[in-house]
Every structure is written in structure tokens, then in C-alpha cells.
Amino acid sequence: MILSSFMYGSIAVLFRFVSRDTNFWAAVSYQYIGTGLGGVLLILFPRVRHGFAVRLIEIKKSIRVIVISHSLGLLAQLSESIAVTMVAVPLVHIIWSIQPVIVLILGTLLTVWFPHIIKEDIKKAVVAHKLVSVALMFCGLFLVYF
């Protein structure tokens with residue numbers, strides 16, 4: 001996890017470094033060209049290529065949802081890149097730390113309002129356990145950043 005976190009965090013730092021020397025859109029282009037080349041290299045492995053072909057057949061029914069999801073993901077990534085060029089990288093990354101709270105709130109609200117779409121366990125004991133977990137994450141976040 002430490003190596004993964006380091007590598008994930010270094011992407012934003014490197015992006016900020018590159019975007020200072022070039023313009024924003026050139027830096028974004030380099031980032032997506034690198035991602036595309038990585039994807040093409042993965043297809044060279046037969047096991048990955050076979051798994052991709054199998055999954056492609058399975059997802060044909062939900063292709064619209066996947067396209068919308070990836071489009072929103074692209075917008076989120078562009079927003080993050082813009083934010084990284086404007087402020088310090090740790091300030092951008094600390095915003096991600098509120099994600100567990102958002103997931104807890106949305107999961108609970110969607111379970112109450114739309115139980116046919118999502119069904120979370122919202123018993124008092126389970127929600128209390130989740131709240132304690134989120135509070136512990138915030139304590140860890142506080143210790144890391146302050």
C-alpha cells in the first residue's frame with residue numbers, strides 16, 4: 001500500500017512539474033499518451049488479451065453506462081489536473097480523503113429513498129461501526145497532514 005500510495009501521489013507531483021514547463025493541454029496529452037501506451041502494452045500479453053475479449057462480450061448490454069461512467073471519470077481527472085496546477089498537490093489530495101463520508105451518506109440516502117436500486121445495511125450498529133471507521137480515517141488523516 002505504501003508503494004502504491006507513493007506511485008499514485010507521484011503522478012500528481014510529476015504532472016505539476018511538467019505542466020509548469022509546458023502548457024496544461026500538452027501535459028494532459030503526455031499523460032493520456034502514456035496511459036494509452038500502457039494499455040497497448042498490456043494487450044501484448046495473451047492472458048490479458050483473452051480476458052479483455054471475454055469481458056467485452058459480457059459488457060455489450062451495459063456499454064452506455066460504461067461510456068457515461070468513463071466520461072465522468074475523464075472529467076474528474078481533468079478537474080484534478082486543473083486543480084493540481086492551481087494549488088499545492090497535498091491540498092488537492094486531501095479532498096479525496098472525504099470520500100468515505102460521501103459514500104456513507106450517499107449509500108444511506110439511496111438505501112432509504114431507492115431501496116430497489118441499492119440496499120445497504122442501515123441498522124444502528126452497522127452505521128455506528130461505519131461512522132467510527134470514518135472517524136478513525138479522519139484521525140489518521142489529521143496525523144498525516146498536521
# chains A, B, ... in the order shown; residues from 1 in each chain; ligands from 1
>>> closest_atom_pairs(of="range 115-137 of chain A", to="range 86-98 of chain A", cutoff="12 Å", atoms="only C-alpha atoms", output="tab-separated table")
residue	atom	partner	partner_atom	distance
A:Val134	CA	A:Ile98	CA	8.9
A:Ala135	CA	A:Ile98	CA	10.6
A:Leu136	CA	A:Ser97	CA	11.8
A:Met137	CA	A:Ser97	CA	8.2
>>> residues_around(residues="Ile82 in chain A", least_positions_apart="4", cutoff="12 Å", atoms="only C-alpha atoms", output="list in words")
Ala12, Phe15, Arg16, Ser19, Arg20, Asn23, Phe24, Trp25, Ala27, Val28, Leu75, Ala76, Gln77, Leu78, Met86, Val87, Ala88, Val89 and Val92 of chain A
>>> write_last_selection(atoms="N, CA, C and O atoms", output="PDB file, in the first residue's frame")
ATOM      1  N   ALA A  12       0.696  13.038  -9.563  1.00  0.00           N
ATOM      2  CA  ALA A  12       0.260  14.437  -9.468  1.00  0.00           C
ATOM      3  C   ALA A  12       1.457  15.373  -9.356  1.00  0.00           C
ATOM      4  O   ALA A  12       1.466  16.458  -9.963  1.00  0.00           O
ATOM      5  N   PHE A  15       3.002  15.582 -12.744  1.00  0.00           N
ATOM      6  CA  PHE A  15       2.136  16.364 -13.627  1.00  0.00           C
ATOM      7  C   PHE A  15       2.318  17.852 -13.364  1.00  0.00           C
ATOM      8  O   PHE A  15       2.411  18.653 -14.291  1.00  0.00           O
ATOM      9  N   ARG A  16       2.361  18.218 -12.109  1.00  0.00           N
ATOM     10  CA  ARG A  16       2.543  19.643 -11.773  1.00  0.00           C
ATOM     11  C   ARG A  16       3.890  20.141 -12.290  1.00  0.00           C
ATOM     12  O   ARG A  16       4.001  21.247 -12.823  1.00  0.00           O
ATOM     13  N   SER A  19       3.605  20.413 -16.109  1.00  0.00           N
ATOM     14  CA  SER A  19       2.689  21.474 -16.546  1.00  0.00           C
ATOM     15  C   SER A  19       3.256  22.871 -16.311  1.00  0.00           C
ATOM     16  O   SER A  19       2.813  23.831 -16.935  1.00  0.00           O
ATOM     17  N   ARG A  20       4.242  22.992 -15.430  1.00  0.00           N
ATOM     18  CA  ARG A  20       4.882  24.299 -15.236  1.00  0.00           C
ATOM     19  C   ARG A  20       5.791  24.645 -16.413  1.00  0.00           C
ATOM     20  O   ARG A  20       5.944  25.805 -16.755  1.00  0.00           O
ATOM     21  N   ASN A  23       2.470  23.936 -21.457  1.00  0.00           N
ATOM     22  CA  ASN A  23       1.116  24.378 -21.133  1.00  0.00           C
ATOM     23  C   ASN A  23       0.291  23.195 -20.631  1.00  0.00           C
ATOM     24  O   ASN A  23       0.685  22.046 -20.745  1.00  0.00           O
ATOM     25  N   PHE A  24      -0.860  23.513 -20.096  1.00  0.00           N
ATOM     26  CA  PHE A  24      -1.705  22.495 -19.454  1.00  0.00           C
ATOM     27  C   PHE A  24      -2.092  21.390 -20.423  1.00  0.00           C
ATOM     28  O   PHE A  24      -1.995  20.207 -20.106  1.00  0.00           O
ATOM     29  N   TRP A  25      -2.552  21.737 -21.619  1.00  0.00           N
ATOM     30  CA  TRP A  25      -3.070  20.733 -22.544  1.00  0.00           C
ATOM     31  C   TRP A  25      -1.966  19.832 -23.076  1.00  0.00           C
ATOM     32  O   TRP A  25      -2.202  18.650 -23.352  1.00  0.00           O
ATOM     33  N   ALA A  27       0.653  18.911 -21.270  1.00  0.00           N
ATOM     34  CA  ALA A  27       0.906  17.994 -20.155  1.00  0.00           C
ATOM     35  C   ALA A  27      -0.178  16.926 -20.070  1.00  0.00           C
ATOM     36  O   ALA A  27       0.117  15.738 -19.839  1.00  0.00           O
ATOM     37  N   VAL A  28      -1.439  17.327 -20.262  1.00  0.00           N
ATOM     38  CA  VAL A  28      -2.531  16.357 -20.246  1.00  0.00           C
ATOM     39  C   VAL A  28      -2.369  15.364 -21.403  1.00  0.00           C
ATOM     40  O   VAL A  28      -2.584  14.156 -21.243  1.00  0.00           O
ATOM     41  N   LEU A  75     -13.693  13.617 -16.962  1.00  0.00           N
ATOM     42  CA  LEU A  75     -13.922  14.977 -16.464  1.00  0.00           C
ATOM     43  C   LEU A  75     -13.336  15.165 -15.061  1.00  0.00           C
ATOM     44  O   LEU A  75     -12.758  16.214 -14.758  1.00  0.00           O
ATOM     45  N   ALA A  76     -13.475  14.143 -14.226  1.00  0.00           N
ATOM     46  CA  ALA A  76     -12.917  14.218 -12.877  1.00  0.00           C
ATOM     47  C   ALA A  76     -11.396  14.294 -12.925  1.00  0.00           C
ATOM     48  O   ALA A  76     -10.780  15.076 -12.189  1.00  0.00           O
ATOM     49  N   GLN A  77     -10.802  13.517 -13.801  1.00  0.00           N
ATOM     50  CA  GLN A  77      -9.351  13.531 -13.921  1.00  0.00           C
ATOM     51  C   GLN A  77      -8.851  14.873 -14.460  1.00  0.00           C
ATOM     52  O   GLN A  77      -7.841  15.404 -13.990  1.00  0.00           O
ATOM     53  N   LEU A  78      -9.565  15.436 -15.419  1.00  0.00           N
ATOM     54  CA  LEU A  78      -9.196  16.759 -15.922  1.00  0.00           C
ATOM     55  C   LEU A  78      -9.357  17.819 -14.834  1.00  0.00           C
ATOM     56  O   LEU A  78      -8.524  18.720 -14.705  1.00  0.00           O
ATOM     57  N   MET A  86      -3.158  24.638  -9.996  1.00  0.00           N
ATOM     58  CA  MET A  86      -3.521  25.883  -9.311  1.00  0.00           C
ATOM     59  C   MET A  86      -3.028  25.956  -7.864  1.00  0.00           C
ATOM     60  O   MET A  86      -2.695  27.046  -7.385  1.00  0.00           O
ATOM     61  N   VAL A  87      -3.057  24.830  -7.157  1.00  0.00           N
ATOM     62  CA  VAL A  87      -2.687  24.829  -5.733  1.00  0.00           C
ATOM     63  C   VAL A  87      -1.707  23.694  -5.474  1.00  0.00           C
ATOM     64  O   VAL A  87      -1.406  22.902  -6.354  1.00  0.00           O
ATOM     65  N   ALA A  88      -1.261  23.595  -4.242  1.00  0.00           N
ATOM     66  CA  ALA A  88      -0.315  22.548  -3.867  1.00  0.00           C
ATOM     67  C   ALA A  88      -0.966  21.165  -3.994  1.00  0.00           C
ATOM     68  O   ALA A  88      -2.158  20.993  -3.718  1.00  0.00           O
ATOM     69  N   VAL A  89      -0.171  20.205  -4.389  1.00  0.00           N
ATOM     70  CA  VAL A  89      -0.671  18.837  -4.605  1.00  0.00           C
ATOM     71  C   VAL A  89      -1.296  18.244  -3.340  1.00  0.00           C
ATOM     72  O   VAL A  89      -2.363  17.634  -3.415  1.00  0.00           O
ATOM     73  N   VAL A  92      -4.920  19.199  -2.950  1.00  0.00           N
ATOM     74  CA  VAL A  92      -5.826  18.505  -3.864  1.00  0.00           C
ATOM     75  C   VAL A  92      -6.088  17.090  -3.352  1.00  0.00           C
ATOM     76  O   VAL A  92      -7.231  16.626  -3.334  1.00  0.00           O
TER      77      VAL A  92
END
>>> atom_distance(atom1="CA of Thr85 in chain A", atom2="CA of Gln99 in chain A")
21.6 Å
>>> closest_residue(among="A:Val126, A:Val112, A:Val13, A:Val101", to="Phe138 in chain A", atoms="only C-alpha atoms")
A:Val101
>>> select_by_dssp(residues="chain A", states="alpha helix (DSSP H)", output="MDAnalysis selection string")
chainID A and resid 2:21 24:43 46:58 63:86 89:95 99:113 124:145
>>> closest_residue(among="A:Ser5, A:Ser62, A:Thr108, A:Ser71", to="Lys124 in chain A", atoms="only C-alpha atoms")
A:Thr108
